[in-house]
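Here is the structure we will look at.
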Protein chains: 2
Amino acid sequence: MVFDKASLQDVARVAGVSTATVSRALSKPEVVSEITRKAVIDAVRATGYSVNHAARNLRRRRTDCIVALIPNLANPFFAQILFGISSVLAPAGYNLLISDTQGSPDSERLMMSYLDRGRADGLILLDGLIPTDHLDDAVRSRPLPPAVLACEWIDGSPLPQVRVDNLTGAKLAVEHLIGLGHRRIGHVGGPSGNVLSIVREAGHRAAMTSAGLPFDEAWLLPGDFSLASGAAAAGRWLGMDRPPTAVFCASDTMAAGFVAALHRAGRDVPADCSVVGFDDIEVAAHTVPALTTIRQPRTEIGQVAARTLLAVIAGDTPVSACTLLSVELIVRDSTAAPRS
Amino acid sequence: MVFDKASLQDVARVAGVSTATVSRALSKPEVVSEITRKAVIDAVRATGYSVNHAARNLRRRRTDCIVALIPNLANPFFAQILFGISSVLAPAGYNLLISDTQGSPDSERLMMSYLDRGRADGLILLDGLIPTDHLDDAVRSRPLPPAVLACEWIDGSPLPQVRVDNLTGAKLAVEHLIGLGHRRIGHVGGPSGNVLSIVREAGHRAAMTSAGLPFDEAWLLPGDFSLASGAAAAGRWLGMDRPPTAVFCASDTMAAGFVAALHRAGRDVPADCSVVGFDDIEVAAHTVPALTTIRQPRTEIGQVAARTLLAVIAGDTPVSACTLLSVELIVRDSTAAPRS
DNA sequence: CTGAAAGCGCTTACAG
DNA sequence: CTGAAAGCGCTTACAG
């Protein structure tokens with residue numbers, strides 16, 4: 001029965017060497033003699049020793065921890081990105097601390113607090129809502145924090161970014177609809193003020209303009225990336241005198257909510273209205289009808305973000321790199337030519 | 001420009017007091033004099049001080065960190081539970097460290113490593129796959145680790161548990177189908193060996209038996225909780241000579257995959273086959289047709305698990321408590337009377 | 001109410 | 001290849 005965990009001291013005593021030697025045997029085995037190494041290993045086994053990270057971190061002045069700040073843990077979109085992040089961080093010996101900013105108006109506070117010495121070695125920000133000025137202050141008052149922005153971004157921020165080409169994605173979506181013969185194409189937008197919302201809507205408008213098509217402001221249906229807001233947008237669509245024949249939703253989640261609500265009202269997708277989503281979350285392929293959408297490589301976004309952060313921490317990356325991953329149009333069953 | 005963060009020492013110097021006093025002023029303000037407190041606060045502000053957690057943790061011999069071990073970060077089912085956990089841990093001053101065991105055969109190793117001193121103060125296990133013997137060893141060789149099992153469980157484990165009454169849930173699902181007039185009810189199961197799979201299937205069989213209905217082993221369709229496995233089960237259903245008129249899927253995810261695949265094959269739910277899921281994940285209300293299912297209070301599961309862990313850590317809970325949260329049948333549009 | 005001092009468990013120059 | 005010693009930045013009895 002071991003009541004208190006063994007320390008390096010205990011191992012040293014059992015092995016008959018100094019704590020310095022035990023430490024070396026464990027972290028740089030090649031630097032101690034064969035025989036010492038064996039003795040230490042045996043002693044470790046005998047004592048059940050395992051390192052105390054708090055002590056190690058204090059001494060090394062690092063934490064081996066990376067914090068990910070995400071807007072909403074309950075959103076499956078982020079889950080897959082976290083998986084990508086974790087898949088590169090874990091092998092690199094880092095722990096992933098995940099914090100849900102959950103619309104906290106204080107998310108920038110939270111962020112700064114996570115940059116405390118002894119807390120985290122770096123940050124991955126998946127929430128673009130952190131006010132620029134706070135970040136700027138931070139940047140001005142101390143060396144640039146090791147942080148990278150993923151998915152969302154902050155205008156004017158000098159931090160490295162990794163995300164998808166949202167403008168192109170939105171254009172692809174709308175061009176697909178135009179190619180099918182649609183001329184009246186509605187837009188279900190993301191939360192107002194959000195960078196993704198802004199750019200995706202801009203892409204929509206740009207595609208219409210390029211095709212010489214007008215965009216009626218009445219086709220702009222507000223949303224917030226949630227299922228419920230997609231359903232609400234469908235409610236608006238149903239109430240329109242002459243609703244658009246197709247709709248581009250700024251997220252798959254909203255698209256799914258939109259389609260289901262239309263279905264409940266007795267309308268058919270794509271017969272009554274074509275729908276394109278954005279993200280290609282896993283369910284997009286398993287909705288009824290399967291969703292045409294713009295794929296974001298979520299796992300890859302997470303992996304690249306993590307690798308970028310590791311590079312920043314290691315000091316071998318230009319801190320302002322911006323990696324743009326490419327999007328792809330996935331055509332499934334929710335889009336068709338408009339009814340003539 | 002602050003190049004290195006201020007330490008307690010710096011604050012003490014600026015405030016003209018000892019580090020002990022600064023420490024007290026910060027952690028137990030009521031114990032220092034008004035004037036000292038003010039001086040310290042000013043000095044903290046002036047220096048931009050924030051605590052070094054590694055040092056504090058080392059000294060206090062605790063980490064303020066709780067680790068959650070989950071089988072699959074990419075599964076939305078867990079996201080909401082994590083949210084629940086995080087919502088009670090954060091206010092309590094704990095950090096949530098999330099680790100994806102990701103089918104690692106080594107998950108028990110991982111777990112033990114997270115119980116290292118200096119790493120985490122407690123564990124929330126959402127993965128029932130950790131082999132009993134390893135846990136037993138752990139329990140035998142040291143004081144019971146502060147850990148709680150959530151959702152899944154480990155037979156014979158002495159750890160406190162919080163979960164839903166899965167047997168009752170499965171019975172509710174199948175009884176609903178029987179009440180509708182179904183007599184031939186298929187089962188899409190979870191991963192084999194998984195405790196949830198076993199109990200939900202048992203509940204299904206029990207409900208059939210109670211109603212005096214036979215259960216044909218051919219109706220047992222294998223699955224693993226994934227969308228794809230639900231779709232695969234639909235493939236099997238389509239290939240049957242006399243398929244069941246209804247199916248109970250051990251998870252909503254599989255139910256969604258099942259419904260979508262049937263739809264793609266030109267069949268209708270519920271006309272050709274009624275479908276009941278399990279979990280009531282958010283999309284369940286937004287599938288086409290909306291899914292009849294058994295609701296698990298996910299946020300609450302997370303909250304209760306976190307509170308239980310906190311109680312164990314505080315030492316004021318019988319370590320073997322098992323909280324069973326109740327399930328609820330949610331009837332939506334994927335179930336109907338069988339075609340006569 | 002406050003300070004001097006010890007110590008949490010490691011790692012790492014510095015000698016040898 | 002190894003050890004003695006300092007120190008990472010806190011907190012907390014112990015005195016006063």
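Identifiers for the structure tokens are assigned positionally: chains receive A, B, ... in sequence, residues are indexed from 1 per chain, and ligands are indexed from 1 in the order shown.
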
Contact check, chain D to chain A, at most 7 Å, counting only C-alpha atoms (C1' of nucleotides), closest pairs as a Markdown table:
```
| residue | atom | partner | partner_atom | distance |
| --- | --- | --- | --- | --- |
| D:DC1 | C1' | A:Val32 | CA | 6.0 |
| D:DT2 | C1' | A:Thr21 | CA | 6.8 |
| D:DG3 | C1' | A:Ser18 | CA | 6.4 |
| D:DC8 | C1' | A:Arg59 | CA | 4.3 |
```

Those of region 163-291 of chain B in DSSP helix (DSSP H, G or I), formatted as a ChimeraX atom specification: /B:166-179,195-210,217-219,227-238,252-264,282-286

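The space between CA of Ile185 (chain B) and CA of Leu172 (chain B) spans 13.3 Å.
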
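The list of residues with at least one atom within 9 Å of Ala218 (chain B), based on only C-alpha atoms (C1' of nucleotides) and without residues fewer than 3 positions apart in the same chain, reads Gly186, Phe215, Leu221 and Met240 of chain B.
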
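Counting only C-alpha atoms and comparing B:Ile98, B:Ala173, B:Ile313, B:Ala250, the residue that lies closest to chain A is B:Ile98.
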